[in-house]
>>> print(open('final-v4.txt').read())   # compact mmCIF, C-alpha atoms
# COMPACT_ATOMS: atom_id res chain seq x y z
CA MET A 1 -4.97 22.14 -8.20
CA HIS A 2 -3.86 18.76 -9.52
CA GLY A 3 -6.06 16.30 -11.36
CA ARG A 4 -7.61 14.77 -8.27
CA ALA A 5 -9.70 17.84 -7.51
CA ALA A 6 -9.74 19.60 -10.85
CA LEU A 7 -12.66 20.05 -13.19
CA ARG A 8 -12.45 20.20 -16.97
CA ASP A 9 -14.75 22.19 -19.17
CA ASP A 10 -16.03 19.00 -20.80
CA CYS A 11 -19.79 18.79 -20.66
CA HIS A 12 -22.02 15.74 -20.72
CA GLY A 13 -25.38 15.69 -22.41
CA ASN A 14 -27.03 17.35 -19.43
CA GLY A 15 -24.74 20.36 -19.72
CA GLN A 16 -22.94 19.66 -16.46
CA ILE A 17 -19.17 19.87 -16.18
CA ALA A 18 -17.64 16.40 -16.00
CA PRO A 19 -15.31 15.89 -13.03
CA THR A 20 -11.80 14.72 -13.84
CA ILE A 21 -10.27 11.51 -12.53
CA THR A 22 -6.51 10.96 -12.72
CA ILE A 23 -5.64 7.30 -13.25
CA GLY A 24 -2.18 5.88 -12.63
CA LEU A 25 -1.12 3.20 -15.10
CA LEU A 26 1.71 1.35 -13.41
CA TRP A 27 4.18 -0.82 -15.36
CA HIS A 28 2.73 0.28 -18.68
CA SER A 29 4.75 1.76 -21.55
CA LEU A 30 3.97 3.70 -24.72
CA ASN A 31 7.40 3.30 -26.31
CA SER A 32 8.74 -0.11 -25.37
CA GLY A 33 10.52 -1.94 -28.17
CA ASN A 34 8.45 -4.95 -27.10
CA LEU A 35 5.20 -4.21 -28.89
CA GLY A 36 3.40 -6.56 -26.51
CA ILE A 37 3.84 -4.12 -23.64
CA GLY A 38 2.71 -1.29 -25.89
CA ALA A 39 -0.35 -3.33 -26.89
CA LEU A 40 -1.24 -3.84 -23.23
CA THR A 41 -0.87 -0.12 -22.58
CA LEU A 42 -2.93 1.15 -25.51
CA ALA A 43 -5.64 -1.45 -24.90
CA ASN A 44 -5.84 -0.73 -21.18
CA LEU A 45 -5.96 2.99 -21.93
CA ALA A 46 -8.94 2.40 -24.22
CA ILE A 47 -10.73 0.24 -21.65
CA ALA A 48 -10.07 2.72 -18.83
CA ARG A 49 -11.23 5.69 -20.93
CA ASP A 50 -14.49 3.93 -21.68
CA ALA A 51 -15.01 2.91 -18.04
CA ALA A 52 -14.35 6.44 -16.80
CA ARG A 53 -16.77 7.98 -19.26
CA ARG A 54 -19.41 5.44 -18.33
CA ALA A 55 -18.94 6.65 -14.75
CA GLY A 56 -19.50 10.23 -15.92
CA LEU A 57 -15.84 11.22 -15.55
CA THR A 58 -13.18 12.75 -17.76
CA PRO A 59 -10.02 10.63 -17.49
CA ARG A 60 -6.42 11.75 -17.30
CA PHE A 61 -3.53 9.32 -17.07
CA VAL A 62 -0.11 9.08 -15.48
CA ILE A 63 1.86 6.23 -17.08
CA MET A 64 4.62 4.85 -14.87
CA GLY A 65 6.98 2.37 -16.52
CA ALA A 66 10.57 1.45 -17.23
CA ARG A 67 12.75 4.20 -18.65
CA GLU A 68 13.08 3.93 -22.43
CA SER A 69 15.71 5.38 -24.75
CA GLU A 70 13.18 7.11 -27.01
CA PRO A 71 10.67 9.78 -25.94
CA PRO A 72 7.17 8.34 -25.58
CA PRO A 73 4.60 9.06 -28.31
CA PHE A 74 1.11 10.25 -27.42
CA ALA A 75 2.33 12.01 -24.26
CA GLY A 76 0.88 15.40 -23.41
CA LEU A 77 -2.75 16.43 -23.43
CA ASP A 78 -4.30 13.95 -20.99
CA ILE A 79 -1.28 11.62 -20.66
CA GLN A 80 1.81 12.19 -18.53
CA CYS A 81 4.71 9.72 -18.41
CA VAL A 82 6.97 9.10 -15.41
CA ALA A 83 10.01 6.83 -15.80
CA ILE A 84 10.78 4.21 -13.17
CA ASP A 85 14.45 3.79 -12.28
CA SER A 86 16.50 3.57 -9.08
CA ARG A 87 16.50 7.32 -8.61
CA ALA A 88 12.73 7.59 -9.07
CA LEU A 89 12.20 4.98 -6.35
CA LYS A 90 14.12 6.86 -3.67
CA PRO A 91 12.13 8.27 -0.73
CA GLY A 92 10.25 11.30 -1.98
CA GLY A 93 11.28 10.51 -5.56
CA ALA A 94 9.33 10.81 -8.79
CA ILE A 95 7.19 7.71 -8.24
CA TRP A 96 6.24 8.66 -4.67
CA ARG A 97 5.24 12.11 -5.91
CA ALA A 98 3.32 10.70 -8.88
CA MET A 99 1.34 8.38 -6.60
CA GLY A 100 0.23 11.44 -4.66
CA LYS A 101 -1.31 13.00 -7.77
CA VAL A 102 -3.52 10.12 -8.91
CA ASP A 103 -6.90 8.93 -7.69
CA CYS A 104 -6.26 5.23 -8.24
CA VAL A 105 -3.70 2.89 -9.77
CA LEU A 106 -4.04 0.17 -12.40
CA ASP A 107 -0.93 -2.03 -12.37
CA ILE A 108 -0.46 -4.41 -15.29
CA GLY A 109 2.96 -5.67 -14.19
CA ALA A 110 4.36 -5.42 -17.75
CA GLY A 111 2.14 -8.40 -18.50
CA ASP A 112 4.08 -11.16 -16.77
CA SER A 113 6.55 -9.57 -14.31
CA PHE A 114 4.68 -10.03 -11.01
CA THR A 115 6.87 -13.02 -10.15
CA ASP A 116 10.30 -13.71 -8.69
CA ILE A 117 11.63 -15.72 -11.64
CA TYR A 118 13.32 -12.63 -13.15
CA GLY A 119 15.48 -12.05 -10.09
CA PRO A 120 15.40 -9.96 -6.92
CA ARG A 121 16.04 -6.56 -8.51
CA ARG A 122 13.08 -6.76 -10.85
CA PHE A 123 10.89 -8.14 -8.08
CA LEU A 124 11.93 -5.22 -5.86
CA PHE A 125 11.00 -2.68 -8.53
CA LEU A 126 7.65 -4.35 -9.25
CA THR A 127 6.64 -4.63 -5.62
CA LEU A 128 8.05 -1.39 -4.24
CA THR A 129 5.95 0.63 -6.69
CA LYS A 130 2.83 -1.25 -5.60
CA LEU A 131 3.67 -0.59 -1.96
CA PHE A 132 4.06 3.11 -2.75
CA ALA A 133 0.51 3.18 -4.11
CA LEU A 134 -0.83 1.46 -1.02
CA ALA A 135 1.17 3.67 1.34
CA ARG A 136 -0.27 6.70 -0.42
CA GLY A 137 -3.75 5.34 0.20
CA ARG A 138 -4.54 4.92 -3.48
CA PRO A 139 -6.91 2.09 -4.49
CA LEU A 140 -4.80 -0.47 -6.36
CA VAL A 141 -6.11 -2.85 -9.01
CA LEU A 142 -3.87 -5.46 -10.58
CA SER A 143 -5.04 -5.39 -14.20
CA PRO A 144 -5.23 -8.71 -16.13
CA GLN A 145 -1.77 -10.27 -16.09
CA THR A 146 0.20 -13.42 -15.44
CA ILE A 147 0.67 -13.89 -11.69
CA GLY A 148 3.56 -15.95 -10.34
CA PRO A 149 5.22 -18.22 -9.98
CA PHE A 150 6.72 -17.22 -6.64
CA THR A 151 9.37 -19.58 -5.27
CA GLY A 152 10.96 -18.09 -2.15
CA ALA A 153 9.10 -17.72 1.15
CA GLY A 154 9.93 -14.02 1.41
CA TYR A 155 8.74 -13.35 -2.13
CA LYS A 156 5.52 -15.22 -1.45
CA ALA A 157 4.83 -13.23 1.71
CA ILE A 158 5.30 -9.88 -0.03
CA ALA A 159 3.16 -10.91 -3.01
CA ALA A 160 0.40 -12.15 -0.73
CA PHE A 161 0.48 -8.90 1.28
CA ILE A 162 0.06 -6.82 -1.88
CA MET A 163 -2.75 -8.94 -3.30
CA ARG A 164 -4.70 -8.90 -0.04
CA ARG A 165 -4.59 -5.11 0.01
CA SER A 166 -5.42 -4.61 -3.64
CA ARG A 167 -8.96 -3.58 -4.52
CA ALA A 168 -9.03 -6.42 -7.06
CA VAL A 169 -6.56 -8.84 -8.64
CA PHE A 170 -7.27 -9.92 -12.23
CA ALA A 171 -5.53 -13.04 -13.51
CA ARG A 172 -5.40 -13.50 -17.26
CA ASP A 173 -5.49 -17.30 -17.09
CA GLU A 174 -6.58 -20.09 -14.75
CA ALA A 175 -3.03 -20.97 -13.66
CA SER A 176 -2.43 -17.39 -12.55
CA ARG A 177 -5.71 -17.28 -10.66
CA ALA A 178 -4.77 -20.51 -8.88
CA ALA A 179 -1.32 -19.12 -8.05
CA ALA A 180 -2.85 -15.95 -6.60
CA LEU A 181 -5.45 -17.79 -4.53
CA SER A 182 -2.89 -20.24 -3.18
CA LEU A 183 -0.94 -17.34 -1.68
CA ALA A 184 -3.81 -15.02 -0.75
CA PRO A 185 -7.07 -16.96 -0.55
CA ASP A 186 -8.78 -13.98 1.06
CA ALA A 187 -7.82 -11.58 -1.76
CA ASN A 188 -10.37 -10.39 -4.30
CA VAL A 189 -9.01 -12.50 -7.17
CA LYS A 190 -10.95 -12.58 -10.44
CA LEU A 191 -10.46 -14.29 -13.78
CA ALA A 192 -10.18 -12.11 -16.89
CA VAL A 193 -8.16 -12.31 -20.09
CA ASP A 194 -5.35 -10.35 -21.71
CA VAL A 195 -6.52 -6.80 -22.43
CA ALA A 196 -4.53 -6.69 -25.70
CA PHE A 197 -7.48 -8.32 -27.44
CA GLU A 198 -8.99 -4.81 -27.27
CA LEU A 199 -6.11 -3.07 -29.05
CA PRO A 200 -7.54 -0.87 -31.85
CA PHE A 201 -6.39 -1.56 -35.43
CA THR A 202 -7.11 -0.93 -39.09
CA ASP A 203 -8.68 -4.03 -40.62
CA ARG A 204 -6.82 -5.36 -43.68
CA ALA A 205 -8.73 -8.62 -44.02
CA SER A 206 -9.42 -7.75 -47.67
CA LEU A 207 -5.81 -8.75 -48.44
CA ARG A 208 -6.44 -12.36 -47.45
CA GLY A 209 -7.37 -15.27 -49.65
CA SER A 210 -5.69 -14.15 -52.85
CA PRO A 211 -4.25 -16.84 -55.14
CA VAL A 212 -1.04 -16.49 -53.12
CA LEU A 213 -1.54 -16.95 -49.38
CA ARG A 214 0.24 -14.51 -47.06
CA ILE A 215 1.96 -16.48 -44.27
CA GLY A 216 3.47 -14.52 -41.39
CA VAL A 217 6.34 -15.90 -39.32
CA ASN A 218 7.33 -14.06 -36.15
CA VAL A 219 10.72 -15.41 -35.10
CA SER A 220 11.43 -14.61 -31.46
CA GLY A 221 14.88 -13.13 -30.98
CA LEU A 222 14.70 -14.32 -27.39
CA LEU A 223 14.13 -17.97 -28.30
CA PHE A 224 16.55 -17.87 -31.23
CA GLY A 225 19.31 -16.50 -29.03
CA GLU A 226 18.62 -19.08 -26.33
CA ALA A 227 18.95 -21.89 -28.86
CA GLU A 228 22.14 -20.51 -30.39
CA ARG A 229 23.78 -20.16 -26.97
CA GLY A 230 22.61 -23.63 -25.97
CA THR A 231 21.11 -22.32 -22.73
CA ASN A 232 17.45 -23.28 -23.35
CA HIS A 233 16.19 -21.70 -20.12
CA PHE A 234 12.61 -22.32 -21.24
CA GLY A 235 13.11 -26.07 -21.61
CA LEU A 236 11.97 -26.50 -25.23
CA SER A 237 12.08 -30.10 -26.40
CA TYR A 238 13.38 -29.02 -29.82
CA ASP A 239 16.04 -26.69 -31.19
CA TYR A 240 14.26 -23.44 -32.04
CA THR A 241 16.83 -22.38 -34.65
CA VAL A 242 16.58 -25.72 -36.47
CA PHE A 243 12.78 -25.58 -36.39
CA THR A 244 12.76 -22.02 -37.71
CA ARG A 245 15.04 -22.76 -40.65
CA ARG A 246 13.20 -25.96 -41.56
CA LEU A 247 9.90 -24.12 -41.41
CA LEU A 248 11.08 -21.27 -43.65
CA SER A 249 12.54 -23.80 -46.07
CA ALA A 250 9.27 -25.73 -46.25
CA LEU A 251 7.14 -22.61 -46.69
CA THR A 252 9.31 -20.89 -49.29
CA GLN A 253 9.38 -24.02 -51.46
CA GLN A 254 5.64 -23.68 -52.08
CA PRO A 255 4.90 -21.19 -54.89
CA SER A 256 1.35 -20.64 -53.59
CA LEU A 257 2.71 -19.08 -50.39
CA GLN A 258 4.23 -15.67 -49.68
CA VAL A 259 6.25 -15.67 -46.45
CA HIS A 260 6.46 -12.51 -44.33
CA LEU A 261 9.04 -12.25 -41.54
CA ILE A 262 7.35 -10.14 -38.85
CA PRO A 263 9.27 -8.69 -35.88
CA HIS A 264 7.23 -7.94 -32.76
CA ALA A 265 9.89 -7.08 -30.18
CA THR A 266 12.90 -4.93 -31.03
CA ASN A 267 15.73 -3.91 -28.76
CA ARG A 268 18.78 -2.49 -30.50
CA GLU A 269 20.52 -2.08 -27.14
CA ASN A 270 20.13 -5.81 -26.48
CA PRO A 271 20.29 -7.60 -29.86
CA VAL A 272 19.96 -11.06 -28.28
CA ASP A 273 16.29 -10.20 -27.59
CA ASP A 274 15.59 -8.44 -30.89
CA ASP A 275 13.27 -10.04 -33.44
CA GLY A 276 14.45 -7.57 -36.08
CA VAL A 277 18.09 -8.62 -35.86
CA VAL A 278 17.14 -12.27 -36.35
CA ALA A 279 14.75 -11.35 -39.18
CA ASP A 280 17.60 -9.57 -40.99
CA ARG A 281 19.78 -12.65 -40.73
CA LEU A 282 17.07 -15.02 -41.90
CA ALA A 283 16.10 -12.74 -44.79
CA ARG A 284 19.67 -13.09 -46.07
CA GLU A 285 19.50 -16.86 -45.73
CA PHE A 286 16.06 -17.08 -47.36
CA PRO A 287 15.91 -14.37 -50.02
CA ALA A 288 12.39 -15.42 -51.09
CA VAL A 289 10.88 -14.11 -47.82
CA ILE A 290 9.54 -10.59 -47.31
CA ARG A 291 11.30 -8.95 -44.37
CA VAL A 292 8.59 -6.70 -42.93
CA PRO A 293 10.07 -3.44 -41.55
CA ASP A 294 10.00 -2.94 -37.79
CA PHE A 295 6.70 -1.45 -36.67
CA ALA A 296 6.55 1.97 -35.03
CA ASP A 297 3.77 0.92 -32.66
CA PRO A 298 1.59 -2.10 -31.78
CA THR A 299 -1.45 -0.78 -33.61
CA ARG A 300 0.43 -0.82 -36.93
CA ALA A 301 1.70 -4.31 -36.18
CA LYS A 302 -1.81 -5.59 -35.47
CA SER A 303 -3.16 -3.89 -38.59
CA TYR A 304 -0.50 -5.58 -40.74
CA ILE A 305 -1.13 -8.97 -39.12
CA SER A 306 -4.86 -8.62 -39.86
CA GLY A 307 -4.06 -8.98 -43.57
CA LEU A 308 -2.38 -12.39 -43.23
CA ASP A 309 -3.84 -15.81 -43.98
CA LEU A 310 -1.86 -17.51 -41.18
CA LEU A 311 0.62 -16.45 -38.51
CA VAL A 312 3.23 -18.56 -36.71
CA ALA A 313 4.53 -16.58 -33.74
CA GLY A 314 6.86 -16.88 -30.78
CA ARG A 315 5.69 -13.61 -29.20
CA MET A 316 2.41 -13.99 -27.36
CA HIS A 317 1.05 -10.57 -28.25
CA ALA A 318 1.69 -11.18 -31.92
CA CYS A 319 -0.48 -14.29 -31.45
CA ILE A 320 -3.16 -12.20 -29.75
CA ALA A 321 -3.05 -9.68 -32.60
CA ALA A 322 -3.77 -12.50 -35.05
CA PHE A 323 -6.43 -14.19 -32.94
CA SER A 324 -8.33 -10.97 -32.29
CA THR A 325 -8.40 -10.07 -36.00
CA GLY A 326 -9.58 -13.50 -37.17
CA VAL A 327 -6.22 -14.64 -38.53
CA PRO A 328 -5.51 -18.35 -37.83
CA VAL A 329 -2.46 -18.55 -35.62
CA VAL A 330 0.05 -21.16 -34.46
CA PRO A 331 1.50 -19.97 -31.14
CA VAL A 332 5.02 -21.20 -30.39
CA ALA A 333 4.84 -21.60 -26.62
CA TYR A 334 7.74 -21.10 -24.25
CA SER A 335 5.91 -20.70 -20.93
CA ARG A 336 2.63 -21.48 -19.21
CA LYS A 337 1.24 -18.09 -20.20
CA PHE A 338 0.62 -19.47 -23.71
CA THR A 339 -1.17 -22.62 -22.63
CA GLY A 340 -3.02 -20.67 -19.96
CA LEU A 341 -4.35 -18.05 -22.34
CA PHE A 342 -5.24 -20.17 -25.35
CA GLY A 343 -6.47 -23.03 -23.18
CA LEU A 344 -8.87 -20.57 -21.56
CA LEU A 345 -10.24 -19.85 -25.03
CA ASP A 346 -10.41 -23.55 -26.03
CA TYR A 347 -7.91 -23.00 -28.85
CA ASP A 348 -5.66 -26.04 -29.05
CA MET A 349 -3.50 -25.36 -32.12
CA MET A 350 -0.08 -24.75 -30.62
CA ILE A 351 3.53 -25.88 -30.67
CA PRO A 352 3.98 -26.83 -27.01
CA VAL A 353 7.05 -26.31 -24.86
CA THR A 354 7.71 -30.04 -24.78
CA GLY A 355 6.53 -33.09 -26.69
CA MET A 356 7.66 -32.26 -30.23
CA ASP A 357 10.90 -32.41 -32.17
CA GLU A 358 11.73 -30.05 -35.03
CA ASP A 359 10.01 -32.12 -37.72
CA ALA A 360 6.84 -32.51 -35.65
CA ALA A 361 6.74 -28.76 -35.03
CA VAL A 362 7.01 -28.04 -38.76
CA ALA A 363 4.31 -30.63 -39.46
CA CYS A 364 2.09 -28.87 -36.93
CA VAL A 365 2.35 -25.63 -38.90
CA MET A 366 1.65 -27.36 -42.20
CA GLN A 367 -1.42 -28.98 -40.65
CA ALA A 368 -2.62 -25.56 -39.50
CA LEU A 369 -2.12 -24.23 -43.02
CA GLY A 370 -4.65 -26.75 -44.29
CA SER A 371 -7.06 -26.17 -41.40
CA ARG A 372 -7.37 -22.40 -41.61
CA LEU A 373 -11.16 -22.33 -41.82
CA GLN A 374 -11.57 -24.51 -38.74
CA LEU A 375 -9.06 -22.43 -36.81
CA ALA A 376 -10.82 -19.19 -37.77
CA ALA A 377 -14.12 -20.65 -36.56
CA ALA A 378 -12.50 -21.58 -33.25
CA GLU A 379 -11.26 -18.00 -32.92
CA VAL A 380 -14.79 -16.62 -33.36
CA GLU A 381 -15.95 -18.77 -30.46
CA GLY A 382 -12.91 -17.74 -28.42
CA LEU A 383 -13.55 -14.04 -28.96
CA ALA A 384 -17.05 -14.41 -27.52
CA LYS A 385 -15.39 -15.73 -24.36
CA VAL A 386 -12.96 -12.80 -24.38
CA GLU A 387 -15.85 -10.35 -24.27
CA THR A 388 -17.42 -12.19 -21.33
CA LEU A 389 -14.13 -12.38 -19.43
CA LEU A 390 -13.41 -8.67 -19.88
CA ALA A 391 -16.91 -7.57 -18.89
CA GLY A 392 -16.15 -8.06 -15.18
CA TYR A 393 -12.95 -6.04 -15.46
CA ARG A 394 -14.78 -3.18 -17.16
CA ALA A 395 -17.45 -3.18 -14.44
CA THR A 396 -14.83 -3.16 -11.69
CA LEU A 397 -13.07 -0.16 -13.24
CA SER A 398 -16.29 1.83 -13.57
CA GLY A 399 -17.07 1.20 -9.91
CA LEU A 400 -13.52 1.97 -8.85
CA PHE A 401 -13.43 5.25 -10.75
CA ALA A 402 -16.79 6.36 -9.39
CA SER A 403 -15.74 5.70 -5.76
CA ALA A 404 -12.25 7.15 -6.23
CA SER A 405 -13.63 10.39 -7.66
CA GLN A 406 -15.98 10.74 -4.68
CA ARG A 407 -13.04 10.37 -2.29
CA SER A 408 -11.24 13.29 -3.88
>>> encode(input="final-v4.txt", output="structure tokens")
Amino acid sequence: MHGRAALRDDCHGNGQIAPTITIGLLWHSLNSGNLGIGALTLANLAIARDAARRAGLTPRFVIMGARESEPPPFAGLDIQCVAIDSRALKPGGAIWRAMGKVDCVLDIGAGDSFTDIYGPRRFLFLTLTKLFALARGRPLVLSPQTIGPFTGAGYKAIAAFIMRRSRAVFARDEASRAAALSLAPDANVKLAVDVAFELPFTDRASLRGSPVLRIGVNVSGLLFGEAERGTNHFGLSYDYTVFTRRLLSALTQQPSLQVHLIPHATNRENPVDDDGVVADRLAREFPAVIRVPDFADPTRAKSYISGLDLLVAGRMHACIAAFSTGVPVVPVAYSRKFTGLFGLLDYDMMIPVTGMDEDAAVACVMQALGSRLQLAAAEVEGLAKVETLLAGYRATLSGLFASASQRS
């Protein structure tokens, strides 16, 4: 028997055997070079485990995500991984079979991929997997994520169809909720927040506040490459490479600061989107900086970030790691997902997509450096809102798991 009908020998306090529920985690990944996707996965795993146990169930997981070059860690025991590629999406392929073995599906859309802005192939992969879940009769929940934008009429129709048939749709910011409701006003759309705030970590706050302040700088390989090529697809009003070098120059000239270059997305197969490659280059240009080694997983990255006095970051989940550990952060925005998330939490320290030149952006960071206590206080208030926003998601999962286990 597969997980949908199986029982484990786990016992609850009343001595009864706890029934097993098998949960599909769609568009998650345990071994993505982008630690943001890993943070989403580990955090959603933790939330789902807790929700299942609250429902009196023993959870097992099937993670379905993009094929990676390295074998996934943590697999085995109660976690199985199924890679999504063209072959897996064929009729009767690995994804169709996997959908038949789960009780329900939580789809996080890799955080921000439920949209058509990345092209038709990616949209096809993202939507076809959702349609497989629905065709298999599995309850589908869209976990907290960015939704949209959708530009073409055909894309909009498919997205609306999926959202209307989902058990619940969780937007991680107000703009995403509005985008979902504009296409599917009759869908069960709810507001939540990014689950990565719940990523476990080892607290290193004791390292902060020494005579020399530890300043982290996460330079986005994506934004750096865009600026060097002159493409600027994100429409920044300043040159990201010029800003980065001026910032590192300003920070390293202050003897009271220790600058840490922190990669948060690595991709050796595609160096134009690799923070580590850019960090290596900048470490040669600025020998006073500390080039932090690439992290093996998002938990280690968050733990390291928790020991900083300030972080400036172009990767959103590096920003979330700082915010959720009480480290003042200056997000370097390149899309509405930044303003949507931090606006939801009433945190207004940010380098926006437009409205600043390079000098103004550097000045923004230096202002944040002197306002660390105020920023930390704002984060405390923001984290209270995070807990409230995630409470509805937790409750939905507990109810979903209870009903899904009864079906099987």
>>> residues_around(input="final-v4.txt", residues="segment 161-169 of chain A", least_positions_apart="6", cutoff="6 Å", atoms="all atoms listed in the file", output="PDB file with C-alpha atoms, keeping the file's coordinate frame")
ATOM      1  CA  LEU A 140      -4.800  -0.470  -6.360  1.00  0.00           C
ATOM      2  CA  VAL A 141      -6.110  -2.850  -9.010  1.00  0.00           C
ATOM      3  CA  LEU A 142      -3.870  -5.460 -10.580  1.00  0.00           C
ATOM      4  CA  ALA A 187      -7.820 -11.580  -1.760  1.00  0.00           C
ATOM      5  CA  ASN A 188     -10.370 -10.390  -4.300  1.00  0.00           C
ATOM      6  CA  VAL A 189      -9.010 -12.500  -7.170  1.00  0.00           C
TER       7      VAL A 189
END
>>> residues_near_point(input="final-v4.txt", point="(-14.3, -13.6, -28.7)", cutoff="12 Å", atoms="all atoms listed in the file", output="PyMOL selection string")
chain A and resi 193-194+197-198+320+323-326+342+344-347+376-391
>>> write_last_selection(input="final-v4.txt", atoms="C-alpha atoms", output="CSV table (one decimal), in the frame of the given file")
chain,number,residue,atom,x,y,z
A,193,VAL,CA,-8.2,-12.3,-20.1
A,194,ASP,CA,-5.4,-10.4,-21.7
A,197,PHE,CA,-7.5,-8.3,-27.4
A,198,GLU,CA,-9.0,-4.8,-27.3
A,320,ILE,CA,-3.2,-12.2,-29.8
A,323,PHE,CA,-6.4,-14.2,-32.9
A,324,SER,CA,-8.3,-11.0,-32.3
A,325,THR,CA,-8.4,-10.1,-36.0
A,326,GLY,CA,-9.6,-13.5,-37.2
A,342,PHE,CA,-5.2,-20.2,-25.4
A,344,LEU,CA,-8.9,-20.6,-21.6
A,345,LEU,CA,-10.2,-19.8,-25.0
A,346,ASP,CA,-10.4,-23.6,-26.0
A,347,TYR,CA,-7.9,-23.0,-28.8
A,376,ALA,CA,-10.8,-19.2,-37.8
A,377,ALA,CA,-14.1,-20.6,-36.6
A,378,ALA,CA,-12.5,-21.6,-33.2
A,379,GLU,CA,-11.3,-18.0,-32.9
A,380,VAL,CA,-14.8,-16.6,-33.4
A,381,GLU,CA,-16.0,-18.8,-30.5
A,382,GLY,CA,-12.9,-17.7,-28.4
A,383,LEU,CA,-13.6,-14.0,-29.0
A,384,ALA,CA,-17.0,-14.4,-27.5
A,385,LYS,CA,-15.4,-15.7,-24.4
A,386,VAL,CA,-13.0,-12.8,-24.4
A,387,GLU,CA,-15.8,-10.4,-24.3
A,388,THR,CA,-17.4,-12.2,-21.3
A,389,LEU,CA,-14.1,-12.4,-19.4
A,390,LEU,CA,-13.4,-8.7,-19.9
A,391,ALA,CA,-16.9,-7.6,-18.9
>>> residues_near_point(input="final-v4.txt", point="(9.3, -24.2, -35.5)", cutoff="8 Å", atoms="all atoms listed in the file", output="compact mmCIF listing (two decimals) with C-alpha atoms, keeping the file's coordinate frame")
# COMPACT_ATOMS: atom_id res chain seq x y z
CA TYR A 240 14.26 -23.44 -32.04
CA THR A 241 16.83 -22.38 -34.65
CA VAL A 242 16.58 -25.72 -36.47
CA PHE A 243 12.78 -25.58 -36.39
CA THR A 244 12.76 -22.02 -37.71
CA ARG A 245 15.04 -22.76 -40.65
CA ARG A 246 13.20 -25.96 -41.56
CA LEU A 247 9.90 -24.12 -41.41
CA VAL A 332 5.02 -21.20 -30.39
CA ILE A 351 3.53 -25.88 -30.67
CA GLU A 358 11.73 -30.05 -35.03
CA ALA A 361 6.74 -28.76 -35.03
CA VAL A 362 7.01 -28.04 -38.76
CA VAL A 365 2.35 -25.63 -38.90
>>> atom_distance(input="final-v4.txt", atom1="atom CA of Leu311 of chain A", atom2="atom CA of Gly235 of chain A")
23.1 Å
>>> residues_around(input="final-v4.txt", residues="segment 217-234 of chain A", least_positions_apart="2", cutoff="8 Å", atoms="all atoms listed in the file", output="count of residues only")
31
>>> atom_distance(input="final-v4.txt", atom1="atom CA of Ala66 of chain A", atom2="atom CA of Ile108 of chain A")
12.6 Å
>>> closest_residue(input="final-v4.txt", among="A:Tyr155, A:Cys319, A:Ala133, A:Ser29", to="Tyr118 of chain A", atoms="only C-alpha atoms")
A:Tyr155
>>> atom_distance(input="final-v4.txt", atom1="atom CA of Ile95 of chain A", atom2="atom CA of Phe132 of chain A")
7.8 Å
>>> closest_residue(input="final-v4.txt", among="A:Pro139, A:Gly100, A:Gly38, A:Pro91", to="Ser403 of chain A", atoms="all atoms listed in the file")
A:Pro139
